[in-house]
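Visitor: Provided herewith is a single structure, encoded as C-alpha cells, for subsequent inquiry.
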Protein chains: 2
Amino acid sequence: MANTSSTVDKALTLLGFFTERRSAAGLSELARLSGFNKATTLRFLNSLEAKGFVEQDAATRAYHLGPAFLRFAQVRESSFPFARAVRDILHGLVEKTGETAHVSALSGGVLANIDRVESKRSNRVVLDPGEVLPFHATASGIVYLAFADPDVTDAALKAPLTGHTAKTITDPAAIRARVDQARADGYARAGETYEDQVVGLALPYFGPSGAVCGAVAVALPKARASDGAEALILRELRTAARKLSAACGGALPDDFPQVPADDVKE
Amino acid sequence: MANTSSTVDKALTLLGFFTERRSAAGLSELARLSGFNKATTLRFLNSLEAKGFVEQDAATRAYHLGPAFLRFAQVRESSFPFARAVRDILHGLVEKTGETAHVSALSGGVLANIDRVESKRSNRVVLDPGEVLPFHATASGIVYLAFADPDVTDAALKAPLTGHTAKTITDPAAIRARVDQARADGYARAGETYEDQVVGLALPYFGPSGAVCGAVAVALPKARASDGAEALILRELRTAARKLSAACGGALPDDFPQVPADDVKE
DNA sequence: CTCAATTGGTTCATTTATTGAACCGTTGGT
DNA sequence: ACCAACGGTTCAATAAATGAACCAATTGAG
C-alpha cells in the first residue's frame, strides 16, 4: 500500500481523519495526524472546502465533513440504491437474531462500516457507523480476507497487526490459518479479538464481477453466544449475504460453502 | 471564483460530472467533460478510486461514485444529524402542501439539492436528487443570493447566465432586482424560469454563524399555483426554514421578513 | 472481413504546481 | 506580561503534474 504519492491521494486521506469520535479537527491537528506540512494541509483543506467536502466552523475555525457528502450520497443512491437495501437487510437481521448487525465495505484500502442497526436488548453491542474494522481482529475482516484477492490478503498481513484485547491474534501465520479456515467454512468467528466480551460472526458479500465487496456481521455479548444462537445467526447471515450480493448486482459464488451444517430449505 | 487551479480541486470536479442521469461515465467521456487530458483524468480517477470515491465497473470499465460517500455521509450524519431532520421536514411540507418539496445547500460553489420528497399527486414536479440549481433561474438560487455574502452574489451574477426556458431571465441587472426583492420579501418566487409549467417558491435557511446555508423550496405545476395555494405554501415554508435553521444550529435572523402578510399565530 | 474510429490505458520530456521552513498576527492560559 | 499554540501566509527549491504521441483492444460500418 505504502504511499502512492499523488497529491490528490494525500488530500483525500485528510478526510479519513474525521470519525464519529473526532468529527471536527483544526488545521494543526490535521497536519499532525497526517504528517503533512501545515501549509500543505491548509491548501488541501481549502480545496476540499471549495468543493464542499469539508466545512469550517466560523467560530472555532475547526473543520468537519461538508455537505458534499449528502449530495453525492444522494446521487450514488439514486442510481445504485444500496444504502436502502442494506438498511432493510440489517433491520431484518436484528429482528430475527435480536443482536446488533452491521455491514462493512472496502473503501479506500480499509474495511469500513457502511451501516449498522443495534439490537433492542439493553445488553447489546454498540458500534460506530463509519468505524474502520481491522482485518486481523474482526470476523468481518477475516472473512473479507478469506475471499479477497491474495495480494490484498498478503498486504493486510504484512501491515503491523495491533492488539486490541488480550485475545487479539497478532501472529500473521495464525491469522492466515484463520483466514483459510474462514474460506473453507464460508464464515468467520471472532471471539473477543476486538472488544472484550464481544463475539462476532461474519459472512462476505459479493459484487457484479464476483469479487468480494465487504462483509455482513452480527456482534453479540459473549454471554449470549450459545451454539444454538450462533447457528441461527449464521443461517440468517447467509440469507442476508445473498440479498446483499444481489443488491450489489452480484451473487454468492456457486461453490460458496453451506454455513451451519446444511438446512437447505429456501 | 475562477480557477484556483490546484490539482486536488481539479480532481474533485470530476466527481461533479456524476449525476442521476449520468450515473456512470468512461474515461474518455470524463476527459471530454472536464477538459483534462486523458492521462490526467485517468490519474485522478485512480486516486479517487484508491480512496473509494469512485468505483470502476469491471465489465464496462465505466466509473461511478464509490462507497466512500456512504461511509462519510454516515460519519457526518452521526455528528451532525442533518439529513434526517431534512427528510422529516420535507415529509411535513409535502403532507401539508401536497406538492414536491426540496432542500438545497451550497456545496462546492454551487447550490445543490440535498434531498427532495415528491408530491403524491399524479401531476407533480419531479426533481433529481443531487441536482445543481442555477442561481439565476430558480427560486432557491435567487433567495440564496438575497441572503448570501455580497461577494458571492456578485460572482454568481458575473458568471454566464444560461437560458433554460423562454422565461429565464438572463440579464444580470434584472436578476439583481429580483434578488433585492427577495431580500425584502423574505422569499423568492420563480415562474417557469427553469422548467416550463413549473412554479417555485423558496426560503433560505441559516447556520450557526447566521450565514445562509441553502434554501428550502416547494415546486408545483403552474396550473395549481393559485394565490391561496401559494400563501399556504409560504406559510409552511417559513416554519420549515425555521426548523431547518435550528437543525443546522442556526436560526432565522431577527429582522427576517414575515412571509405572506402577517398571520402570527405560532 | 477489412478499415477506421473510439475505447481504456501508457510513456516520458517539459513545465508547473507543490512543498516546507520560517514567518506573522491572534488567542487563551498563567 | 508572558509564553505557547493556534490559523494562516510567504517564496525559493523541488518534486510532481502535465499532455502529445503512442499501444492494444473493441466496435461498427461498408
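Chain labels follow the order of the C-alpha cells: the first chain is A, the next B, and so on; residue numbering restarts at 1 in every chain, and ligands are counted from 1 in their shown order.
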Residues of stretch 72-192 of chain B in strand (DSSP E) according to DSSP, as an MDAnalysis selection string?
Guide: chainID B and resid 100:107 110:117 132:133 188:191
Visitor: Would you save the residues from that selection as a short mmCIF file (atom, residue, chain, number, x, y, z; two decimals), in the first residue's frame, using C-alpha atoms?
Guide:
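Result saved to part20.cif:
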data_model
loop_
_atom_site.label_atom_id
_atom_site.label_comp_id
_atom_site.auth_asym_id
_atom_site.auth_seq_id
_atom_site.Cartn_x
_atom_site.Cartn_y
_atom_site.Cartn_z
CA THR B 100 -42.99 18.41 -4.19
CA ALA B 101 -40.52 19.93 -1.74
CA HIS B 102 -36.75 20.07 -1.75
CA VAL B 103 -33.83 21.40 0.24
CA SER B 104 -30.59 22.64 -1.25
CA ALA B 105 -27.27 23.70 0.20
CA LEU B 106 -24.19 25.42 -1.08
CA SER B 107 -21.64 22.75 -1.75
CA VAL B 110 -22.89 25.65 -6.38
CA LEU B 111 -26.31 25.28 -4.89
CA ALA B 112 -27.11 21.58 -4.99
CA ASN B 113 -30.16 19.62 -3.99
CA ILE B 114 -29.57 17.84 -0.71
CA ASP B 115 -32.81 15.94 -0.61
CA ARG B 116 -36.30 16.06 -2.03
CA VAL B 117 -39.67 14.47 -1.39
CA VAL B 132 -27.41 21.60 -9.23
CA LEU B 133 -29.75 24.59 -9.08
CA ALA B 188 -38.42 34.17 -3.80
CA ARG B 189 -40.80 33.05 -6.49
CA ALA B 190 -39.73 31.73 -9.87
CA GLY B 191 -42.38 31.24 -12.53
#
Visitor: Would you list, as a PyMOL selection string, the residues of stretch 22-169 of chain A that end up in alpha helix (DSSP H) under DSSP run on this structure's backbone?
Guide: chain A and resi 27-34+38-50+68-79+82-97+139-147+150-158
Visitor: Give me, as a ChimeraX atom specification, the contact residues of chain C against chain A at a cut-off of 10 Å, counting only C-alpha atoms (C1' of nucleotides).
Guide: /C:18-21
Visitor: For the residues in that selection, give me all heavy atoms as a PDB file, in the first residue's frame.
Guide:
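Dumped to part09.pdb:
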ATOM      1  P    DT C  18      -0.965  22.248  -7.001  1.00  0.00           P
ATOM      2  OP1  DT C  18      -2.069  21.275  -6.896  1.00  0.00           O
ATOM      3  OP2  DT C  18      -1.197  23.667  -6.691  1.00  0.00           O
ATOM      4  O5'  DT C  18       0.248  21.680  -6.130  1.00  0.00           O
ATOM      5  C5'  DT C  18       0.723  20.376  -6.412  1.00  0.00           C
ATOM      6  C4'  DT C  18       1.957  20.084  -5.580  1.00  0.00           C
ATOM      7  O4'  DT C  18       3.014  21.015  -5.906  1.00  0.00           O
ATOM      8  C3'  DT C  18       1.746  20.182  -4.068  1.00  0.00           C
ATOM      9  O3'  DT C  18       2.347  19.041  -3.479  1.00  0.00           O
ATOM     10  C2'  DT C  18       2.430  21.497  -3.699  1.00  0.00           C
ATOM     11  C1'  DT C  18       3.568  21.538  -4.707  1.00  0.00           C
ATOM     12  N1   DT C  18       4.106  22.891  -5.037  1.00  0.00           N
ATOM     13  C2   DT C  18       5.453  23.127  -4.885  1.00  0.00           C
ATOM     14  O2   DT C  18       6.240  22.293  -4.476  1.00  0.00           O
ATOM     15  N3   DT C  18       5.865  24.403  -5.236  1.00  0.00           N
ATOM     16  C4   DT C  18       5.073  25.429  -5.725  1.00  0.00           C
ATOM     17  O4   DT C  18       5.551  26.510  -6.010  1.00  0.00           O
ATOM     18  C5   DT C  18       3.666  25.105  -5.861  1.00  0.00           C
ATOM     19  C7   DT C  18       2.721  26.135  -6.361  1.00  0.00           C
ATOM     20  C6   DT C  18       3.257  23.864  -5.509  1.00  0.00           C
ATOM     21  P    DT C  19       2.056  18.710  -1.981  1.00  0.00           P
ATOM     22  OP1  DT C  19       2.003  17.239  -1.880  1.00  0.00           O
ATOM     23  OP2  DT C  19       0.925  19.539  -1.534  1.00  0.00           O
ATOM     24  O5'  DT C  19       3.383  19.196  -1.255  1.00  0.00           O
ATOM     25  C5'  DT C  19       4.638  18.734  -1.726  1.00  0.00           C
ATOM     26  C4'  DT C  19       5.763  19.570  -1.160  1.00  0.00           C
ATOM     27  O4'  DT C  19       5.766  20.876  -1.773  1.00  0.00           O
ATOM     28  C3'  DT C  19       5.698  19.809   0.348  1.00  0.00           C
ATOM     29  O3'  DT C  19       6.806  19.180   0.944  1.00  0.00           O
ATOM     30  C2'  DT C  19       5.749  21.339   0.487  1.00  0.00           C
ATOM     31  C1'  DT C  19       6.305  21.783  -0.846  1.00  0.00           C
ATOM     32  N1   DT C  19       5.892  23.141  -1.312  1.00  0.00           N
ATOM     33  C2   DT C  19       6.854  24.068  -1.624  1.00  0.00           C
ATOM     34  O2   DT C  19       8.054  23.843  -1.518  1.00  0.00           O
ATOM     35  N3   DT C  19       6.368  25.285  -2.062  1.00  0.00           N
ATOM     36  C4   DT C  19       5.040  25.647  -2.215  1.00  0.00           C
ATOM     37  O4   DT C  19       4.732  26.756  -2.618  1.00  0.00           O
ATOM     38  C5   DT C  19       4.086  24.621  -1.868  1.00  0.00           C
ATOM     39  C7   DT C  19       2.631  24.905  -1.999  1.00  0.00           C
ATOM     40  C6   DT C  19       4.548  23.438  -1.443  1.00  0.00           C
ATOM     41  P    DG C  20       6.726  18.643   2.429  1.00  0.00           P
ATOM     42  OP1  DG C  20       7.496  17.391   2.535  1.00  0.00           O
ATOM     43  OP2  DG C  20       5.310  18.687   2.823  1.00  0.00           O
ATOM     44  O5'  DG C  20       7.514  19.775   3.213  1.00  0.00           O
ATOM     45  C5'  DG C  20       8.842  20.057   2.834  1.00  0.00           C
ATOM     46  C4'  DG C  20       9.328  21.323   3.525  1.00  0.00           C
ATOM     47  O4'  DG C  20       8.768  22.484   2.866  1.00  0.00           O
ATOM     48  C3'  DG C  20       8.915  21.463   4.997  1.00  0.00           C
ATOM     49  O3'  DG C  20       9.977  22.093   5.674  1.00  0.00           O
ATOM     50  C2'  DG C  20       7.710  22.383   4.938  1.00  0.00           C
ATOM     51  C1'  DG C  20       8.133  23.315   3.827  1.00  0.00           C
ATOM     52  N9   DG C  20       7.051  24.000   3.146  1.00  0.00           N
ATOM     53  C8   DG C  20       5.721  23.641   3.108  1.00  0.00           C
ATOM     54  N7   DG C  20       4.990  24.452   2.406  1.00  0.00           N
ATOM     55  C5   DG C  20       5.882  25.409   1.934  1.00  0.00           C
ATOM     56  C6   DG C  20       5.675  26.549   1.110  1.00  0.00           C
ATOM     57  O6   DG C  20       4.629  26.941   0.618  1.00  0.00           O
ATOM     58  N1   DG C  20       6.865  27.236   0.872  1.00  0.00           N
ATOM     59  C2   DG C  20       8.097  26.880   1.373  1.00  0.00           C
ATOM     60  N2   DG C  20       9.119  27.659   1.038  1.00  0.00           N
ATOM     61  N3   DG C  20       8.304  25.819   2.143  1.00  0.00           N
ATOM     62  C4   DG C  20       7.162  25.131   2.386  1.00  0.00           C
ATOM     63  P    DA C  21      10.497  21.607   7.064  1.00  0.00           P
ATOM     64  OP1  DA C  21      11.327  20.393   6.900  1.00  0.00           O
ATOM     65  OP2  DA C  21       9.329  21.593   7.955  1.00  0.00           O
ATOM     66  O5'  DA C  21      11.462  22.807   7.485  1.00  0.00           O
ATOM     67  C5'  DA C  21      12.455  23.259   6.552  1.00  0.00           C
ATOM     68  C4'  DA C  21      12.658  24.759   6.707  1.00  0.00           C
ATOM     69  O4'  DA C  21      11.598  25.458   6.013  1.00  0.00           O
ATOM     70  C3'  DA C  21      12.641  25.269   8.149  1.00  0.00           C
ATOM     71  O3'  DA C  21      13.705  26.186   8.335  1.00  0.00           O
ATOM     72  C2'  DA C  21      11.271  25.914   8.307  1.00  0.00           C
ATOM     73  C1'  DA C  21      10.936  26.359   6.891  1.00  0.00           C
ATOM     74  N9   DA C  21       9.506  26.290   6.555  1.00  0.00           N
ATOM     75  C8   DA C  21       8.611  25.338   6.962  1.00  0.00           C
ATOM     76  N7   DA C  21       7.395  25.534   6.490  1.00  0.00           N
ATOM     77  C5   DA C  21       7.507  26.678   5.728  1.00  0.00           C
ATOM     78  C6   DA C  21       6.564  27.401   4.966  1.00  0.00           C
ATOM     79  N6   DA C  21       5.282  27.070   4.837  1.00  0.00           N
ATOM     80  N1   DA C  21       7.005  28.507   4.329  1.00  0.00           N
ATOM     81  C2   DA C  21       8.290  28.846   4.444  1.00  0.00           C
ATOM     82  N3   DA C  21       9.264  28.248   5.124  1.00  0.00           N
ATOM     83  C4   DA C  21       8.801  27.164   5.758  1.00  0.00           C
TER      84       DA C  21
END
Visitor: Just need the residues of chain A within 6 Å of chain B, counting only C-alpha atoms, so spit them out as a PDB file with all heavy atoms, in the first residue's frame.
Guide:
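The new file part38.pdb reads:
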ATOM      1  N   VAL A   8      -3.558  14.291  -4.963  1.00  0.00           N
ATOM      2  CA  VAL A   8      -4.974  14.125  -4.619  1.00  0.00           C
ATOM      3  C   VAL A   8      -5.153  13.009  -3.599  1.00  0.00           C
ATOM      4  O   VAL A   8      -5.965  13.114  -2.676  1.00  0.00           O
ATOM      5  CB  VAL A   8      -5.848  13.829  -5.863  1.00  0.00           C
ATOM      6  CG1 VAL A   8      -6.007  15.071  -6.678  1.00  0.00           C
ATOM      7  CG2 VAL A   8      -5.273  12.723  -6.685  1.00  0.00           C
ATOM      8  N   ASP A   9      -4.359  11.962  -3.739  1.00  0.00           N
ATOM      9  CA  ASP A   9      -4.391  10.893  -2.756  1.00  0.00           C
ATOM     10  C   ASP A   9      -4.186  11.441  -1.351  1.00  0.00           C
ATOM     11  O   ASP A   9      -4.948  11.154  -0.438  1.00  0.00           O
ATOM     12  CB  ASP A   9      -3.270   9.891  -3.048  1.00  0.00           C
ATOM     13  CG  ASP A   9      -3.783   8.650  -3.736  1.00  0.00           C
ATOM     14  OD1 ASP A   9      -4.797   8.105  -3.268  1.00  0.00           O
ATOM     15  OD2 ASP A   9      -3.173   8.235  -4.725  1.00  0.00           O
ATOM     16  N   THR A  19     -13.832  11.104  12.092  1.00  0.00           N
ATOM     17  CA  THR A  19     -14.582   9.923  12.507  1.00  0.00           C
ATOM     18  C   THR A  19     -15.708  10.377  13.419  1.00  0.00           C
ATOM     19  O   THR A  19     -15.833  11.571  13.712  1.00  0.00           O
ATOM     20  CB  THR A  19     -13.683   8.963  13.296  1.00  0.00           C
ATOM     21  OG1 THR A  19     -13.263   9.624  14.494  1.00  0.00           O
ATOM     22  CG2 THR A  19     -12.457   8.565  12.479  1.00  0.00           C
ATOM     23  N   GLU A  20     -16.489   9.422  13.865  1.00  0.00           N
ATOM     24  CA  GLU A  20     -17.579   9.806  14.755  1.00  0.00           C
ATOM     25  C   GLU A  20     -17.018  10.456  16.018  1.00  0.00           C
ATOM     26  O   GLU A  20     -17.548  11.450  16.503  1.00  0.00           O
ATOM     27  CB  GLU A  20     -18.427   8.591  15.121  1.00  0.00           C
ATOM     28  CG  GLU A  20     -19.695   8.999  15.815  1.00  0.00           C
ATOM     29  CD  GLU A  20     -20.531   7.792  16.187  1.00  0.00           C
ATOM     30  OE1 GLU A  20     -19.956   6.686  16.331  1.00  0.00           O
ATOM     31  OE2 GLU A  20     -21.725   7.953  16.337  1.00  0.00           O
ATOM     32  N   SER A  47      -8.970  23.413  -0.772  1.00  0.00           N
ATOM     33  CA  SER A  47      -9.512  22.757  -1.958  1.00  0.00           C
ATOM     34  C   SER A  47     -10.741  21.934  -1.596  1.00  0.00           C
ATOM     35  O   SER A  47     -11.755  21.962  -2.288  1.00  0.00           O
ATOM     36  CB  SER A  47      -8.461  21.853  -2.592  1.00  0.00           C
ATOM     37  OG  SER A  47      -7.407  22.632  -3.121  1.00  0.00           O
ATOM     38  N   ALA A  50     -13.592  24.205  -0.920  1.00  0.00           N
ATOM     39  CA  ALA A  50     -14.147  24.816  -2.140  1.00  0.00           C
ATOM     40  C   ALA A  50     -15.148  23.881  -2.807  1.00  0.00           C
ATOM     41  O   ALA A  50     -16.086  24.325  -3.448  1.00  0.00           O
ATOM     42  CB  ALA A  50     -13.027  25.163  -3.112  1.00  0.00           C
ATOM     43  N   LYS A  51     -14.943  22.593  -2.642  1.00  0.00           N
ATOM     44  CA  LYS A  51     -15.829  21.629  -3.270  1.00  0.00           C
ATOM     45  C   LYS A  51     -16.850  21.055  -2.289  1.00  0.00           C
ATOM     46  O   LYS A  51     -17.582  20.131  -2.603  1.00  0.00           O
ATOM     47  CB  LYS A  51     -15.002  20.495  -3.885  1.00  0.00           C
ATOM     48  CG  LYS A  51     -14.211  20.935  -5.117  1.00  0.00           C
ATOM     49  CD  LYS A  51     -15.122  21.062  -6.325  1.00  0.00           C
ATOM     50  CE  LYS A  51     -14.380  21.513  -7.562  1.00  0.00           C
ATOM     51  NZ  LYS A  51     -13.923  22.913  -7.475  1.00  0.00           N
ATOM     52  N   GLY A  52     -16.855  21.590  -1.094  1.00  0.00           N
ATOM     53  CA  GLY A  52     -17.882  21.185  -0.135  1.00  0.00           C
ATOM     54  C   GLY A  52     -17.603  19.897   0.605  1.00  0.00           C
ATOM     55  O   GLY A  52     -18.492  19.350   1.239  1.00  0.00           O
ATOM     56  N   LEU A  65     -16.590  17.386   8.144  1.00  0.00           N
ATOM     57  CA  LEU A  65     -17.033  16.898   6.836  1.00  0.00           C
ATOM     58  C   LEU A  65     -18.154  17.786   6.296  1.00  0.00           C
ATOM     59  O   LEU A  65     -19.036  18.202   7.034  1.00  0.00           O
ATOM     60  CB  LEU A  65     -17.507  15.450   6.947  1.00  0.00           C
ATOM     61  CG  LEU A  65     -16.405  14.427   7.253  1.00  0.00           C
ATOM     62  CD1 LEU A  65     -16.996  13.040   7.416  1.00  0.00           C
ATOM     63  CD2 LEU A  65     -15.338  14.431   6.171  1.00  0.00           C
ATOM     64  N   PRO A  67     -21.107  19.289   3.259  1.00  0.00           N
ATOM     65  CA  PRO A  67     -22.393  18.859   2.721  1.00  0.00           C
ATOM     66  C   PRO A  67     -22.288  18.114   1.392  1.00  0.00           C
ATOM     67  O   PRO A  67     -23.258  17.517   0.956  1.00  0.00           O
ATOM     68  CB  PRO A  67     -23.144  20.169   2.532  1.00  0.00           C
ATOM     69  CG  PRO A  67     -22.087  21.205   2.380  1.00  0.00           C
ATOM     70  CD  PRO A  67     -20.913  20.728   3.181  1.00  0.00           C
ATOM     71  N   ALA A  68     -21.112  18.139   0.778  1.00  0.00           N
ATOM     72  CA  ALA A  68     -20.974  17.427  -0.497  1.00  0.00           C
ATOM     73  C   ALA A  68     -21.319  15.954  -0.325  1.00  0.00           C
ATOM     74  O   ALA A  68     -21.837  15.323  -1.249  1.00  0.00           O
ATOM     75  CB  ALA A  68     -19.555  17.578  -1.034  1.00  0.00           C
ATOM     76  N   PHE A  69     -21.048  15.432   0.855  1.00  0.00           N
ATOM     77  CA  PHE A  69     -21.308  14.003   1.064  1.00  0.00           C
ATOM     78  C   PHE A  69     -22.796  13.703   1.027  1.00  0.00           C
ATOM     79  O   PHE A  69     -23.204  12.640   0.559  1.00  0.00           O
ATOM     80  CB  PHE A  69     -20.674  13.532   2.368  1.00  0.00           C
ATOM     81  CG  PHE A  69     -19.182  13.523   2.279  1.00  0.00           C
ATOM     82  CD1 PHE A  69     -18.435  14.509   2.879  1.00  0.00           C
ATOM     83  CD2 PHE A  69     -18.537  12.550   1.535  1.00  0.00           C
ATOM     84  CE1 PHE A  69     -17.053  14.522   2.751  1.00  0.00           C
ATOM     85  CE2 PHE A  69     -17.162  12.557   1.407  1.00  0.00           C
ATOM     86  CZ  PHE A  69     -16.411  13.546   2.019  1.00  0.00           C
ATOM     87  N   LEU A  70     -23.576  14.653   1.522  1.00  0.00           N
ATOM     88  CA  LEU A  70     -25.026  14.466   1.448  1.00  0.00           C
ATOM     89  C   LEU A  70     -25.453  14.406  -0.008  1.00  0.00           C
ATOM     90  O   LEU A  70     -26.234  13.541  -0.404  1.00  0.00           O
ATOM     91  CB  LEU A  70     -25.738  15.636   2.144  1.00  0.00           C
ATOM     92  CG  LEU A  70     -26.057  15.439   3.626  1.00  0.00           C
ATOM     93  CD1 LEU A  70     -24.841  15.022   4.403  1.00  0.00           C
ATOM     94  CD2 LEU A  70     -26.667  16.694   4.206  1.00  0.00           C
ATOM     95  N   ARG A  71     -24.900  15.317  -0.784  1.00  0.00           N
ATOM     96  CA  ARG A  71     -25.277  15.391  -2.184  1.00  0.00           C
ATOM     97  C   ARG A  71     -24.836  14.148  -2.953  1.00  0.00           C
ATOM     98  O   ARG A  71     -25.639  13.491  -3.615  1.00  0.00           O
ATOM     99  CB  ARG A  71     -24.651  16.647  -2.795  1.00  0.00           C
ATOM    100  CG  ARG A  71     -24.861  16.732  -4.282  1.00  0.00           C
ATOM    101  CD  ARG A  71     -24.143  17.944  -4.841  1.00  0.00           C
ATOM    102  NE  ARG A  71     -24.032  17.847  -6.287  1.00  0.00           N
ATOM    103  CZ  ARG A  71     -23.113  18.503  -6.992  1.00  0.00           C
ATOM    104  NH1 ARG A  71     -22.257  19.278  -6.373  1.00  0.00           N
ATOM    105  NH2 ARG A  71     -23.079  18.383  -8.291  1.00  0.00           N
ATOM    106  N   ALA A  73     -23.879  11.260  -1.870  1.00  0.00           N
ATOM    107  CA  ALA A  73     -24.512  10.044  -1.378  1.00  0.00           C
ATOM    108  C   ALA A  73     -25.886   9.887  -2.028  1.00  0.00           C
ATOM    109  O   ALA A  73     -26.283   8.796  -2.418  1.00  0.00           O
ATOM    110  CB  ALA A  73     -24.617  10.082   0.145  1.00  0.00           C
ATOM    111  N   GLN A  74     -26.585  11.009  -2.170  1.00  0.00           N
ATOM    112  CA  GLN A  74     -27.883  11.013  -2.872  1.00  0.00           C
ATOM    113  C   GLN A  74     -27.741  10.527  -4.310  1.00  0.00           C
ATOM    114  O   GLN A  74     -28.496   9.687  -4.771  1.00  0.00           O
ATOM    115  CB  GLN A  74     -28.446  12.435  -2.947  1.00  0.00           C
ATOM    116  CG  GLN A  74     -29.110  12.973  -1.715  1.00  0.00           C
ATOM    117  CD  GLN A  74     -30.502  12.428  -1.528  1.00  0.00           C
ATOM    118  OE1 GLN A  74     -31.180  12.058  -2.484  1.00  0.00           O
ATOM    119  NE2 GLN A  74     -30.935  12.333  -0.290  1.00  0.00           N
ATOM    120  N   VAL A  75     -26.777  11.101  -5.007  1.00  0.00           N
ATOM    121  CA  VAL A  75     -26.608  10.764  -6.414  1.00  0.00           C
ATOM    122  C   VAL A  75     -26.276   9.287  -6.561  1.00  0.00           C
ATOM    123  O   VAL A  75     -26.868   8.580  -7.382  1.00  0.00           O
ATOM    124  CB  VAL A  75     -25.507  11.625  -7.063  1.00  0.00           C
ATOM    125  CG1 VAL A  75     -25.213  11.133  -8.472  1.00  0.00           C
ATOM    126  CG2 VAL A  75     -25.910  13.085  -7.088  1.00  0.00           C
ATOM    127  N   ARG A  76     -25.335   8.854  -5.767  1.00  0.00           N
ATOM    128  CA  ARG A  76     -24.969   7.436  -5.854  1.00  0.00           C
ATOM    129  C   ARG A  76     -26.180   6.567  -5.561  1.00  0.00           C
ATOM    130  O   ARG A  76     -26.448   5.582  -6.240  1.00  0.00           O
ATOM    131  CB  ARG A  76     -23.847   7.112  -4.869  1.00  0.00           C
ATOM    132  CG  ARG A  76     -23.446   5.649  -4.947  1.00  0.00           C
ATOM    133  CD  ARG A  76     -22.375   5.306  -3.937  1.00  0.00           C
ATOM    134  NE  ARG A  76     -22.461   3.916  -3.547  1.00  0.00           N
ATOM    135  CZ  ARG A  76     -21.710   2.944  -4.051  1.00  0.00           C
ATOM    136  NH1 ARG A  76     -20.823   3.214  -4.963  1.00  0.00           N
ATOM    137  NH2 ARG A  76     -21.868   1.711  -3.646  1.00  0.00           N
ATOM    138  N   SER A 107     -13.299   0.372   1.345  1.00  0.00           N
ATOM    139  CA  SER A 107     -13.400   1.744   0.870  1.00  0.00           C
ATOM    140  C   SER A 107     -12.066   2.410   1.136  1.00  0.00           C
ATOM    141  O   SER A 107     -11.729   2.694   2.282  1.00  0.00           O
ATOM    142  CB  SER A 107     -14.545   2.428   1.609  1.00  0.00           C
ATOM    143  OG  SER A 107     -14.421   3.814   1.545  1.00  0.00           O
ATOM    144  N   GLY A 108     -11.297   2.592   0.085  1.00  0.00           N
ATOM    145  CA  GLY A 108     -10.011   3.242   0.252  1.00  0.00           C
ATOM    146  C   GLY A 108      -9.004   2.384   0.987  1.00  0.00           C
ATOM    147  O   GLY A 108      -8.296   2.876   1.852  1.00  0.00           O
ATOM    148  N   ILE A 114     -20.407   0.438   6.883  1.00  0.00           N
ATOM    149  CA  ILE A 114     -21.287   1.181   5.992  1.00  0.00           C
ATOM    150  C   ILE A 114     -22.539   1.592   6.752  1.00  0.00           C
ATOM    151  O   ILE A 114     -23.017   2.700   6.656  1.00  0.00           O
ATOM    152  CB  ILE A 114     -21.722   0.277   4.815  1.00  0.00           C
ATOM    153  CG1 ILE A 114     -20.564   0.015   3.898  1.00  0.00           C
ATOM    154  CG2 ILE A 114     -22.894   0.861   4.088  1.00  0.00           C
ATOM    155  CD1 ILE A 114     -20.371   1.067   2.881  1.00  0.00           C
ATOM    156  N   GLY A 130     -19.305   4.107  10.310  1.00  0.00           N
ATOM    157  CA  GLY A 130     -18.110   4.637   9.689  1.00  0.00           C
ATOM    158  C   GLY A 130     -16.819   4.119  10.292  1.00  0.00           C
ATOM    159  O   GLY A 130     -15.737   4.456   9.850  1.00  0.00           O
TER     160      GLY A 130
END
Visitor: Identify which of the residues D:DA20, D:DA1, D:DA15, D:DC6 lies closest to chain B, counting only C-alpha atoms (C1' of nucleotides) when measuring atom-to-atom distances.
Guide: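 Closest residue, counting only C-alpha atoms (C1' of nucleotides): D:DA20.
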Visitor: Using only C-alpha atoms (C1' of nucleotides), select each residue of chain D with any atom at most 9 Å away from an atom of chain B, and give the selection as a VMD selection string.
Guide: chain D and resid 17 to 19
Visitor: Dump N, CA, C and O atoms (P, O5', C5', C4', C3', O3' and C1' of nucleotides) for the selected residues as a compact mmCIF listing (two decimals), in the first residue's frame?
Guide:
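This went into part22.txt:
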# COMPACT_ATOMS: atom_id res chain seq x y z
P DA D 17 1.21 14.64 -8.51
O5' DA D 17 0.89 15.59 -9.75
C5' DA D 17 0.50 16.93 -9.48
C4' DA D 17 0.40 17.71 -10.78
C3' DA D 17 -0.61 17.15 -11.78
O3' DA D 17 -1.25 18.25 -12.40
C1' DA D 17 1.55 17.19 -12.74
P DT D 18 -2.44 18.00 -13.36
O5' DT D 18 -1.76 18.08 -14.78
C5' DT D 18 -1.06 19.27 -15.14
C4' DT D 18 -0.31 19.08 -16.43
C3' DT D 18 -1.15 18.52 -17.60
O3' DT D 18 -1.21 19.51 -18.60
C1' DT D 18 1.02 17.52 -17.49
P DG D 19 -2.48 19.65 -19.51
O5' DG D 19 -1.96 19.05 -20.88
C5' DG D 19 -0.77 19.56 -21.45
C4' DG D 19 -0.27 18.64 -22.54
C3' DG D 19 -1.37 17.99 -23.39
O3' DG D 19 -0.87 17.85 -24.71
C1' DG D 19 -0.08 16.31 -22.43
Visitor: One decimal, in Å: what's the spacing between atom CA of A:Leu237 and atom CA of A:Lys158?
Guide: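 So the answer is 29.5 Å.
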Visitor: Atom CA of A:Asp254 to atom CA of A:Tyr144: how many Å, to one decimal?
Guide: 17.4 Å
Visitor: So how many Å separate atom CA of B:Glu236 and atom CA of B:Val199, to one decimal?
Guide: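 Answer for the atom CA of B:Glu236 to atom CA of B:Val199 separation: 16.1 Å.
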Visitor: Please determine, counting only C-alpha atoms, which residue among B:Leu93, B:Ile142, B:Lys243, B:Arg84 has the shortest atom-to-atom distance to B:Phe206.
Guide: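 Using only C-alpha atoms, B:Phe206 sits closest to B:Lys243.
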Visitor: Hey, what's within 12 Å of A:Ala229 if we count only C-alpha atoms (C1' of nucleotides) and toss same-chain stuff fewer than 3 positions away? As a PyMOL selection string, please?
Guide: chain A and resi 96-99+199+201+218-226+232-236+260
